[in-house]
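Q: final39.cif (mmCIF, C-alpha atoms) pasted underneath:
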data_structure
#
loop_
_atom_site.group_PDB
_atom_site.id
_atom_site.type_symbol
_atom_site.label_atom_id
_atom_site.label_comp_id
_atom_site.auth_asym_id
_atom_site.auth_seq_id
_atom_site.Cartn_x
_atom_site.Cartn_y
_atom_site.Cartn_z
ATOM 1 C CA MET A 67 62.807 2.158 -103.271
ATOM 2 C CA GLU A 68 63.488 5.619 -101.966
ATOM 3 C CA ILE A 69 60.794 7.485 -100.064
ATOM 4 C CA GLY A 70 60.690 11.101 -101.194
ATOM 5 C CA LEU A 71 58.909 14.249 -100.186
ATOM 6 C CA ASN A 72 56.072 13.504 -102.597
ATOM 7 C CA HIS A 73 55.195 10.305 -100.773
ATOM 8 C CA TYR A 74 54.678 12.233 -97.557
ATOM 9 C CA LEU A 75 52.690 14.971 -99.274
ATOM 10 C CA VAL A 76 50.393 12.391 -100.878
ATOM 11 C CA LEU A 77 49.891 10.688 -97.507
ATOM 12 C CA SER A 78 49.144 14.056 -95.933
ATOM 13 C CA THR A 79 46.607 14.767 -98.679
ATOM 14 C CA ILE A 80 44.860 11.431 -98.166
ATOM 15 C CA LEU A 81 44.588 11.998 -94.416
ATOM 16 C CA PHE A 82 43.391 15.565 -95.001
ATOM 17 C CA SER A 83 40.594 14.386 -97.292
ATOM 18 C CA ILE A 84 39.576 11.718 -94.759
ATOM 19 C CA GLY A 85 39.318 14.462 -92.150
ATOM 20 C CA LEU A 86 37.305 16.695 -94.489
ATOM 21 C CA VAL A 87 34.864 13.879 -95.230
ATOM 22 C CA GLY A 88 34.488 13.447 -91.483
ATOM 23 C CA VAL A 89 33.822 17.160 -90.952
ATOM 24 C CA MET A 90 31.160 17.176 -93.650
ATOM 25 C CA ARG A 91 29.222 14.049 -92.754
ATOM 26 C CA ARG A 92 29.308 14.007 -88.946
ATOM 27 C CA LYS A 93 26.389 15.378 -86.948
ATOM 28 C CA ASN A 94 27.681 14.822 -83.443
ATOM 29 C CA LEU A 95 29.923 17.712 -82.361
ATOM 30 C CA LEU A 96 32.373 15.450 -80.524
ATOM 31 C CA MET A 97 32.932 13.455 -83.708
ATOM 32 C CA LEU A 98 33.427 16.756 -85.524
ATOM 33 C CA PHE A 99 36.230 17.587 -83.076
ATOM 34 C CA PHE A 100 37.868 14.239 -83.859
ATOM 35 C CA ALA A 101 37.781 15.096 -87.560
ATOM 36 C CA THR A 102 39.450 18.466 -86.937
ATOM 37 C CA GLU A 103 42.212 16.678 -85.017
ATOM 38 C CA ILE A 104 42.788 14.520 -88.094
ATOM 39 C CA LEU A 105 43.029 17.650 -90.263
ATOM 40 C CA LEU A 106 45.615 19.267 -87.968
ATOM 41 C CA ASN A 107 47.686 16.087 -87.776
ATOM 42 C CA SER A 108 47.784 15.568 -91.527
ATOM 43 C CA VAL A 109 49.166 19.062 -91.966
ATOM 44 C CA ASN A 110 51.743 18.345 -89.251
ATOM 45 C CA ILE A 111 53.054 15.402 -91.292
ATOM 46 C CA ALA A 112 53.502 17.673 -94.295
ATOM 47 C CA PHE A 113 55.372 20.241 -92.175
ATOM 48 C CA ALA A 114 57.721 17.636 -90.698
ATOM 49 C CA ALA A 115 58.426 16.084 -94.117
ATOM 50 C CA ILE A 116 59.253 19.440 -95.719
ATOM 51 C CA SER A 117 61.430 20.287 -92.723
ATOM 52 C CA HIS A 118 63.367 17.043 -93.205
ATOM 53 C CA TYR A 119 63.838 17.181 -96.973
ATOM 54 C CA TYR A 120 64.895 20.845 -97.045
ATOM 55 C CA GLY A 121 67.094 20.730 -93.951
ATOM 56 C CA ASP A 122 65.095 23.548 -92.399
ATOM 57 C CA LEU A 123 63.728 23.568 -88.863
ATOM 58 C CA THR A 124 60.917 26.072 -89.524
ATOM 59 C CA GLY A 125 58.520 23.279 -90.453
ATOM 60 C CA GLN A 126 59.031 21.544 -87.126
ATOM 61 C CA MET A 127 58.543 24.841 -85.273
ATOM 62 C CA PHE A 128 55.198 25.394 -86.966
ATOM 63 C CA ALA A 129 54.211 21.814 -86.174
ATOM 64 C CA PHE A 130 54.861 22.580 -82.492
ATOM 65 C CA PHE A 131 52.660 25.657 -82.601
ATOM 66 C CA VAL A 132 49.932 23.700 -84.393
ATOM 67 C CA ILE A 133 50.036 21.123 -81.588
ATOM 68 C CA ALA A 134 49.781 23.882 -78.953
ATOM 69 C CA ILE A 135 46.796 25.423 -80.746
ATOM 70 C CA ALA A 136 45.117 22.016 -81.089
ATOM 71 C CA ALA A 137 45.514 21.376 -77.361
ATOM 72 C CA SER A 138 43.961 24.703 -76.347
ATOM 73 C CA GLU A 139 41.190 24.271 -78.931
ATOM 74 C CA VAL A 140 40.278 20.940 -77.345
ATOM 75 C CA ALA A 141 40.214 22.445 -73.836
ATOM 76 C CA VAL A 142 37.965 25.385 -74.741
ATOM 77 C CA GLY A 143 35.812 23.385 -77.157
ATOM 78 C CA LEU A 144 35.132 20.590 -74.695
ATOM 79 C CA GLY A 145 34.264 23.147 -72.015
ATOM 80 C CA LEU A 146 31.713 24.769 -74.317
ATOM 81 C CA LEU A 147 30.390 21.347 -75.298
ATOM 82 C CA ILE A 148 29.875 20.373 -71.648
ATOM 83 C CA VAL A 149 27.984 23.628 -70.998
ATOM 84 C CA TRP A 150 25.782 22.984 -74.045
ATOM 85 C CA HIS A 151 25.113 19.412 -72.993
ATOM 86 C CA LYS A 152 24.151 20.511 -69.450
ATOM 87 C CA ARG A 153 21.618 22.964 -70.848
ATOM 88 C CA HIS A 154 20.112 21.058 -73.755
ATOM 89 C CA GLY A 155 20.897 17.393 -73.199
ATOM 90 C CA ASN A 156 22.392 16.706 -76.614
ATOM 91 C CA ILE A 157 25.354 17.750 -78.737
ATOM 92 C CA ASP A 158 23.888 17.258 -82.198
ATOM 93 C CA LEU A 159 24.415 19.987 -84.744
ATOM 94 C CA GLU A 160 20.838 20.060 -86.017
ATOM 95 C CA TYR A 161 19.473 21.213 -82.639
ATOM 96 C CA MET A 162 21.927 24.128 -82.428
ATOM 97 C CA SER A 163 19.699 26.504 -84.358
ATOM 98 C CA THR A 164 18.769 29.024 -81.673
ATOM 99 C CA MET A 165 19.911 31.866 -83.919
ATOM 100 C CA ARG A 166 17.993 30.437 -86.916
ATOM 101 C CA GLY A 167 21.128 30.590 -89.033
ATOM 102 C CA MET B 1078 64.633 -0.241 -97.811
ATOM 103 C CA PHE B 1079 63.558 -0.369 -94.176
ATOM 104 C CA GLU B 1080 62.442 3.220 -94.438
ATOM 105 C CA ALA B 1081 60.144 2.307 -97.344
ATOM 106 C CA ILE B 1082 58.701 -0.683 -95.492
ATOM 107 C CA ALA B 1083 58.108 1.404 -92.366
ATOM 108 C CA PHE B 1084 56.561 4.242 -94.370
ATOM 109 C CA TYR B 1085 54.090 2.040 -96.223
ATOM 110 C CA LEU B 1086 53.193 0.021 -93.114
ATOM 111 C CA PHE B 1087 52.534 3.084 -90.977
ATOM 112 C CA ALA B 1088 50.781 4.909 -93.825
ATOM 113 C CA PHE B 1089 48.394 1.990 -94.296
ATOM 114 C CA LEU B 1090 47.710 1.674 -90.571
ATOM 115 C CA THR B 1091 47.183 5.428 -90.105
ATOM 116 C CA ILE B 1092 44.742 5.645 -93.002
ATOM 117 C CA VAL B 1093 42.795 2.641 -91.709
ATOM 118 C CA MET B 1094 42.624 4.097 -88.186
ATOM 119 C CA PHE B 1095 41.455 7.532 -89.332
ATOM 120 C CA TYR B 1096 38.961 5.944 -91.709
ATOM 121 C CA ILE B 1097 37.488 4.055 -88.761
ATOM 122 C CA THR B 1098 37.398 7.313 -86.787
ATOM 123 C CA VAL B 1099 35.296 9.162 -89.355
ATOM 124 C CA THR B 1100 32.985 6.297 -90.312
ATOM 125 C CA THR B 1101 32.181 4.310 -87.163
ATOM 126 C CA SER B 1102 28.861 4.819 -85.420
ATOM 127 C CA GLN B 1103 30.238 4.128 -81.938
ATOM 128 C CA ALA B 1104 31.843 7.080 -80.153
ATOM 129 C CA LEU B 1105 34.171 4.878 -78.116
ATOM 130 C CA HIS B 1106 35.480 3.106 -81.225
ATOM 131 C CA ALA B 1107 36.140 6.489 -82.787
ATOM 132 C CA LEU B 1108 38.047 7.638 -79.693
ATOM 133 C CA THR B 1109 40.289 4.564 -79.538
ATOM 134 C CA ALA B 1110 40.927 4.579 -83.280
ATOM 135 C CA LEU B 1111 41.877 8.263 -83.078
ATOM 136 C CA ALA B 1112 44.317 7.572 -80.225
ATOM 137 C CA ALA B 1113 45.930 4.751 -82.223
ATOM 138 C CA GLY B 1114 46.197 7.005 -85.274
ATOM 139 C CA MET B 1115 47.904 9.731 -83.233
ATOM 140 C CA ILE B 1116 50.553 7.310 -81.972
ATOM 141 C CA LEU B 1117 51.073 5.940 -85.495
ATOM 142 C CA ILE B 1118 51.578 9.489 -86.797
ATOM 143 C CA SER B 1119 54.418 9.981 -84.336
ATOM 144 C CA ALA B 1120 56.139 7.091 -86.164
ATOM 145 C CA PHE B 1121 56.413 9.314 -89.255
ATOM 146 C CA PHE B 1122 58.079 12.001 -87.170
ATOM 147 C CA PHE B 1123 60.639 9.495 -85.915
ATOM 148 C CA ILE B 1124 61.280 8.285 -89.484
ATOM 149 C CA LEU B 1125 61.792 11.891 -90.564
ATOM 150 C CA GLY B 1126 64.361 12.515 -87.827
ATOM 151 C CA ALA B 1127 62.133 14.867 -85.838
ATOM 152 C CA ASP B 1128 62.535 12.979 -82.565
ATOM 153 C CA PHE B 1129 61.402 15.753 -80.260
ATOM 154 C CA LEU B 1130 58.286 16.391 -82.328
ATOM 155 C CA GLY B 1131 57.430 12.696 -82.186
ATOM 156 C CA ALA B 1132 57.782 12.625 -78.405
ATOM 157 C CA VAL B 1133 55.671 15.771 -78.072
ATOM 158 C CA GLN B 1134 53.047 14.221 -80.349
ATOM 159 C CA ILE B 1135 52.763 11.139 -78.137
ATOM 160 C CA ILE B 1136 52.712 13.126 -74.881
ATOM 161 C CA VAL B 1137 50.293 15.842 -75.985
ATOM 162 C CA TYR B 1138 47.893 13.885 -78.180
ATOM 163 C CA SER B 1139 47.677 10.433 -76.710
ATOM 164 C CA GLY B 1140 48.328 11.807 -73.218
ATOM 165 C CA ALA B 1141 46.606 15.147 -72.754
ATOM 166 C CA VAL B 1142 44.120 15.423 -75.615
ATOM 167 C CA MET B 1143 42.881 11.842 -75.403
ATOM 168 C CA ALA B 1144 42.517 12.112 -71.623
ATOM 169 C CA LEU B 1145 40.490 15.307 -72.120
ATOM 170 C CA TYR B 1146 38.248 13.612 -74.696
ATOM 171 C CA ALA B 1147 37.778 10.552 -72.495
ATOM 172 C CA PHE B 1148 36.928 12.874 -69.598
ATOM 173 C CA GLY B 1149 34.520 14.843 -71.750
ATOM 174 C CA MET B 1150 32.804 11.692 -72.972
ATOM 175 C CA MET B 1151 31.815 10.867 -69.420
ATOM 176 C CA PHE B 1152 29.427 13.825 -69.591
ATOM 177 C CA PHE B 1153 27.832 12.801 -72.855
ATOM 178 C CA ASP B 1154 25.608 9.919 -73.742
ATOM 179 C CA THR B 1155 28.032 7.896 -75.840
ATOM 180 C CA THR B 1156 26.305 4.536 -75.763
ATOM 181 C CA ARG B 1157 23.637 5.294 -78.327
ATOM 182 C CA GLU B 1158 24.278 5.085 -82.051
ATOM 183 C CA LEU B 1159 25.419 8.250 -83.741
ATOM 184 C CA LYS B 1160 23.226 9.654 -86.447
ATOM 185 C CA GLU B 1161 24.809 10.752 -89.697
ATOM 186 C CA LYS B 1162 23.923 13.540 -92.051
ATOM 187 C CA LYS B 1163 22.030 12.252 -95.049
ATOM 188 C CA GLY B 1164 23.714 14.415 -97.632
ATOM 189 C CA ASN B 1165 24.795 13.803 -101.166
ATOM 190 C CA ASN B 1166 27.867 11.576 -100.954
ATOM 191 C CA ALA B 1167 29.219 12.619 -104.351
ATOM 192 C CA ILE B 1168 29.272 16.286 -103.340
ATOM 193 C CA ILE B 1169 31.023 15.490 -100.032
ATOM 194 C CA VAL B 1170 33.742 13.351 -101.602
ATOM 195 C CA GLY B 1171 34.204 15.749 -104.518
ATOM 196 C CA LEU B 1172 34.578 18.790 -102.262
ATOM 197 C CA SER B 1173 37.023 16.938 -100.025
ATOM 198 C CA ILE B 1174 39.221 15.916 -102.933
ATOM 199 C CA ILE B 1175 39.216 19.435 -104.378
ATOM 200 C CA ALA B 1176 40.185 20.900 -101.000
ATOM 201 C CA ALA B 1177 42.942 18.312 -100.539
ATOM 202 C CA VAL B 1178 44.396 19.058 -103.972
ATOM 203 C CA LEU B 1179 44.363 22.744 -103.034
ATOM 204 C CA VAL B 1180 46.389 21.912 -99.922
ATOM 205 C CA VAL B 1181 48.963 20.095 -102.051
ATOM 206 C CA VAL B 1182 49.183 23.071 -104.399
ATOM 207 C CA ILE B 1183 49.711 25.411 -101.447
ATOM 208 C CA PHE B 1184 52.540 23.244 -100.142
ATOM 209 C CA ALA B 1185 54.080 22.528 -103.538
ATOM 210 C CA ALA B 1186 53.981 26.046 -104.984
ATOM 211 C CA PRO B 1187 57.161 27.335 -103.266
ATOM 212 C CA MET B 1188 59.032 24.163 -104.255
ATOM 213 C CA VAL B 1189 58.094 24.395 -107.917
ATOM 214 C CA SER B 1190 59.266 27.982 -108.082
ATOM 215 C CA THR B 1191 62.690 26.766 -106.768
ATOM 216 C CA ASN B 1192 63.399 29.869 -104.707
ATOM 217 C CA MET B 1193 63.051 28.030 -101.409
ATOM 218 C CA ALA B 1194 66.120 28.108 -99.204
ATOM 219 C CA ALA B 1195 66.504 27.019 -95.586
ATOM 220 C CA HIS B 1196 66.067 29.952 -93.217
ATOM 221 C CA TYR B 1197 67.310 28.086 -90.180
ATOM 222 C CA PRO B 1198 69.455 25.227 -91.424
ATOM 223 C CA MET B 1199 70.069 22.244 -89.190
ATOM 224 C CA VAL B 1200 73.115 22.657 -86.970
ATOM 225 C CA ALA B 1201 75.873 20.123 -87.492
ATOM 226 C CA ASP B 1202 76.779 17.726 -84.629
ATOM 227 C CA ALA B 1203 73.690 18.473 -82.563
ATOM 228 C CA GLY B 1204 70.776 16.236 -81.798
ATOM 229 C CA ASN B 1205 67.289 17.109 -82.960
ATOM 230 C CA THR B 1206 66.202 18.216 -79.486
ATOM 231 C CA GLN B 1207 69.181 20.550 -79.173
ATOM 232 C CA GLU B 1208 68.522 22.055 -82.616
ATOM 233 C CA VAL B 1209 64.873 22.595 -81.751
ATOM 234 C CA GLY B 1210 65.857 24.287 -78.522
ATOM 235 C CA ILE B 1211 68.345 26.582 -80.239
ATOM 236 C CA VAL B 1212 65.863 27.727 -82.882
ATOM 237 C CA LEU B 1213 62.851 27.882 -80.550
ATOM 238 C CA PHE B 1214 64.556 30.062 -77.950
ATOM 239 C CA THR B 1215 66.223 32.454 -80.389
ATOM 240 C CA LYS B 1216 64.174 32.966 -83.538
ATOM 241 C CA TYR B 1217 60.771 31.864 -82.257
ATOM 242 C CA LEU B 1218 60.915 33.210 -78.705
ATOM 243 C CA VAL B 1219 57.963 35.621 -79.049
ATOM 244 C CA PRO B 1220 55.605 33.056 -80.668
ATOM 245 C CA PHE B 1221 56.682 30.608 -77.968
ATOM 246 C CA GLU B 1222 55.692 33.017 -75.196
ATOM 247 C CA LEU B 1223 52.438 33.841 -76.990
ATOM 248 C CA ALA B 1224 51.664 30.115 -77.202
ATOM 249 C CA ALA B 1225 52.289 29.863 -73.466
ATOM 250 C CA VAL B 1226 49.841 32.722 -72.768
ATOM 251 C CA MET B 1227 47.304 31.116 -75.120
ATOM 252 C CA LEU B 1228 47.544 27.804 -73.252
ATOM 253 C CA LEU B 1229 47.017 29.672 -69.963
ATOM 254 C CA VAL B 1230 43.924 31.367 -71.380
ATOM 255 C CA ALA B 1231 42.638 27.987 -72.599
ATOM 256 C CA MET B 1232 43.198 26.484 -69.159
ATOM 257 C CA VAL B 1233 41.278 29.286 -67.422
ATOM 258 C CA ALA B 1234 38.499 29.005 -70.016
ATOM 259 C CA GLY B 1235 38.244 25.253 -69.512
ATOM 260 C CA ILE B 1236 38.023 25.599 -65.734
ATOM 261 C CA VAL B 1237 35.410 28.372 -65.912
ATOM 262 C CA LEU B 1238 33.265 26.649 -68.543
ATOM 263 C CA ALA B 1239 33.179 23.259 -66.857
ATOM 264 C CA GLY B 1240 32.645 24.808 -63.430
ATOM 265 C CA LYS B 1241 29.372 24.969 -61.512
ATOM 266 C CA LYS B 1242 26.496 27.365 -62.213
ATOM 267 C CA MET B 1243 27.230 27.268 -65.938
ATOM 268 C CA ASP B 1244 24.141 25.149 -66.656
ATOM 269 C CA LEU B 1245 21.894 28.206 -66.163
ATOM 270 C CA SER B 1246 21.298 30.510 -69.088
ATOM 271 C CA LEU B 1247 20.282 34.008 -68.036
ATOM 272 C CA THR B 1248 19.350 34.962 -71.604
ATOM 273 C CA LEU B 1249 16.900 32.074 -71.995
ATOM 274 C CA MET B 1250 15.160 32.588 -68.614
ATOM 275 C CA ASP B 1251 12.406 35.085 -67.980
ATOM 276 C CA GLU B 1252 12.508 37.775 -65.299
ATOM 277 C CA ALA B 1253 10.627 35.813 -62.633
ATOM 278 C CA GLU B 1254 13.094 32.923 -62.669
ATOM 279 C CA ILE B 1255 16.070 35.278 -62.480
ATOM 280 C CA GLN B 1256 14.450 37.122 -59.554
ATOM 281 C CA GLN B 1257 13.899 33.780 -57.821
ATOM 282 C CA ILE B 1258 17.581 32.857 -58.157
ATOM 283 C CA LYS B 1259 18.580 36.264 -56.812
ATOM 284 C CA ASP B 1260 16.297 35.855 -53.808
ATOM 285 C CA GLU B 1261 17.755 32.443 -53.022
ATOM 286 C CA GLN B 1262 21.273 33.884 -53.142
ATOM 287 C CA ASN B 1263 20.292 36.761 -50.861
ATOM 288 C CA LYS B 1264 18.782 34.306 -48.370
ATOM 289 C CA LYS B 1265 22.028 32.350 -48.312
ATOM 290 C CA VAL B 1266 24.062 35.516 -47.743
ATOM 291 C CA LEU B 1267 21.787 36.743 -44.940
ATOM 292 C CA SER B 1268 21.442 33.447 -43.097
#
Write out the structure in this file as structure tokens.

A:
Amino acid sequence: MEIGLNHYLVLSTILFSIGLVGVMRRKNLLMLFFATEILLNSVNIAFAAISHYYGDLTGQMFAFFVIAIAASEVAVGLGLLIVWHKRHGNIDLEYMSTMRG
Amino acid sequence: MFEAIAFYLFAFLTIVMFYITVTTSQALHALTALAAGMILISAFFFILGADFLGAVQIIVYSGAVMALYAFGMMFFDTTRELKEKKGNNAIIVGLSIIAAVLVVVIFAAPMVSTNMAAHYPMVADAGNTQEVGIVLFTKYLVPFELAAVMLLVAMVAGIVLAGKKMDLSLTLMDEAEIQQIKDEQNKKVLS
């Protein structure tokens, strides 16, 4: 049985919905970061698959830039999280309501 | 045949790993499951012939990002059970599926309209790494440099944020406390 582009897109969709469920039901901010990593990776799979089946390297290029952005997001986000944890002693979303939003 | 077996095996394992990541109540289990899922995703890149991307995935995600997360978790209390939001499950799952279908539509729309042609076709008789290098350093040179600057900014931000003296919040303190800190600093400078 031949594996086509649709197989990869369906897999990417499944992983993307898993990540979205994680984003919506997690309270801990660190777990929320994990879910965003899942989202970025599922889109990377779609990019690489399209790049392969259309013989075009643009998809792989965008996957590289997505990886670079994910890495810097983790660095800045974890720094902010450490600052928050030093000040307040927890990283739960429900306590981050200083601005009453 | 082998491609199909590999695809289904790795797809199953990746979905299981990411499912564990979003559902477990232990932070350490989530971290290890996420690391395993990242490595399994690189398998898809190797199947698809994107060797360099697969290697970068392993190095960056299971090397740098996971090390950062493991380092960050030392600061947090990860032994206690995580609390979950008590929301309506039907709404969460429904919204996720709608959003995922939207993603598929976004990706599939240019293919259905059949006007998609390769901008930068693969070069014949060159390995994947060589092709990536050729395209990255000609057509995508400016985004590449911008990504480098962005990583530098992220590095500086990480160092500054995790550095000392960042546990004080000048906006949340009143004037007396701020004056006290200033006096202490002046004493240090004078002595």

Q: Taking the file as shown, what set of residues would the PyMOL selection byres ((chain A) within 8 of (chain B)) give back, as JSON, numbers by chain?

A: {"A": [67, 68, 69, 75, 76, 77, 79, 80, 81, 82, 83, 84, 85, 86, 87, 88, 90, 91, 92, 93, 94, 97, 100, 101, 104, 107, 111, 114, 115, 118, 120, 121, 122, 123, 124, 126, 127, 129, 130, 131, 133, 134, 135, 137, 138, 139, 140, 141, 142, 144, 145, 146, 148, 149, 150, 151, 152, 153, 156]}

Q: For atom CA of B:Thr1206 and atom CA of A:Val132, quote the distance in Å rounded to one decimal.

A: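 Between atom CA of B:Thr1206 and atom CA of A:Val132 the gap works out to 17.9 Å.
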
Q: Record the distance separating atom CA of A:Leu147 and atom CA of A:Tyr161, expressed in Å with one decimal.

A: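 Rounded to one decimal, the two atoms are 13.2 Å apart.
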
Q: Atom CA of A:Ala136 and atom CA of A:Phe99, how far apart in Å?

A: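 Interatomic distance here is 10.1 Å.
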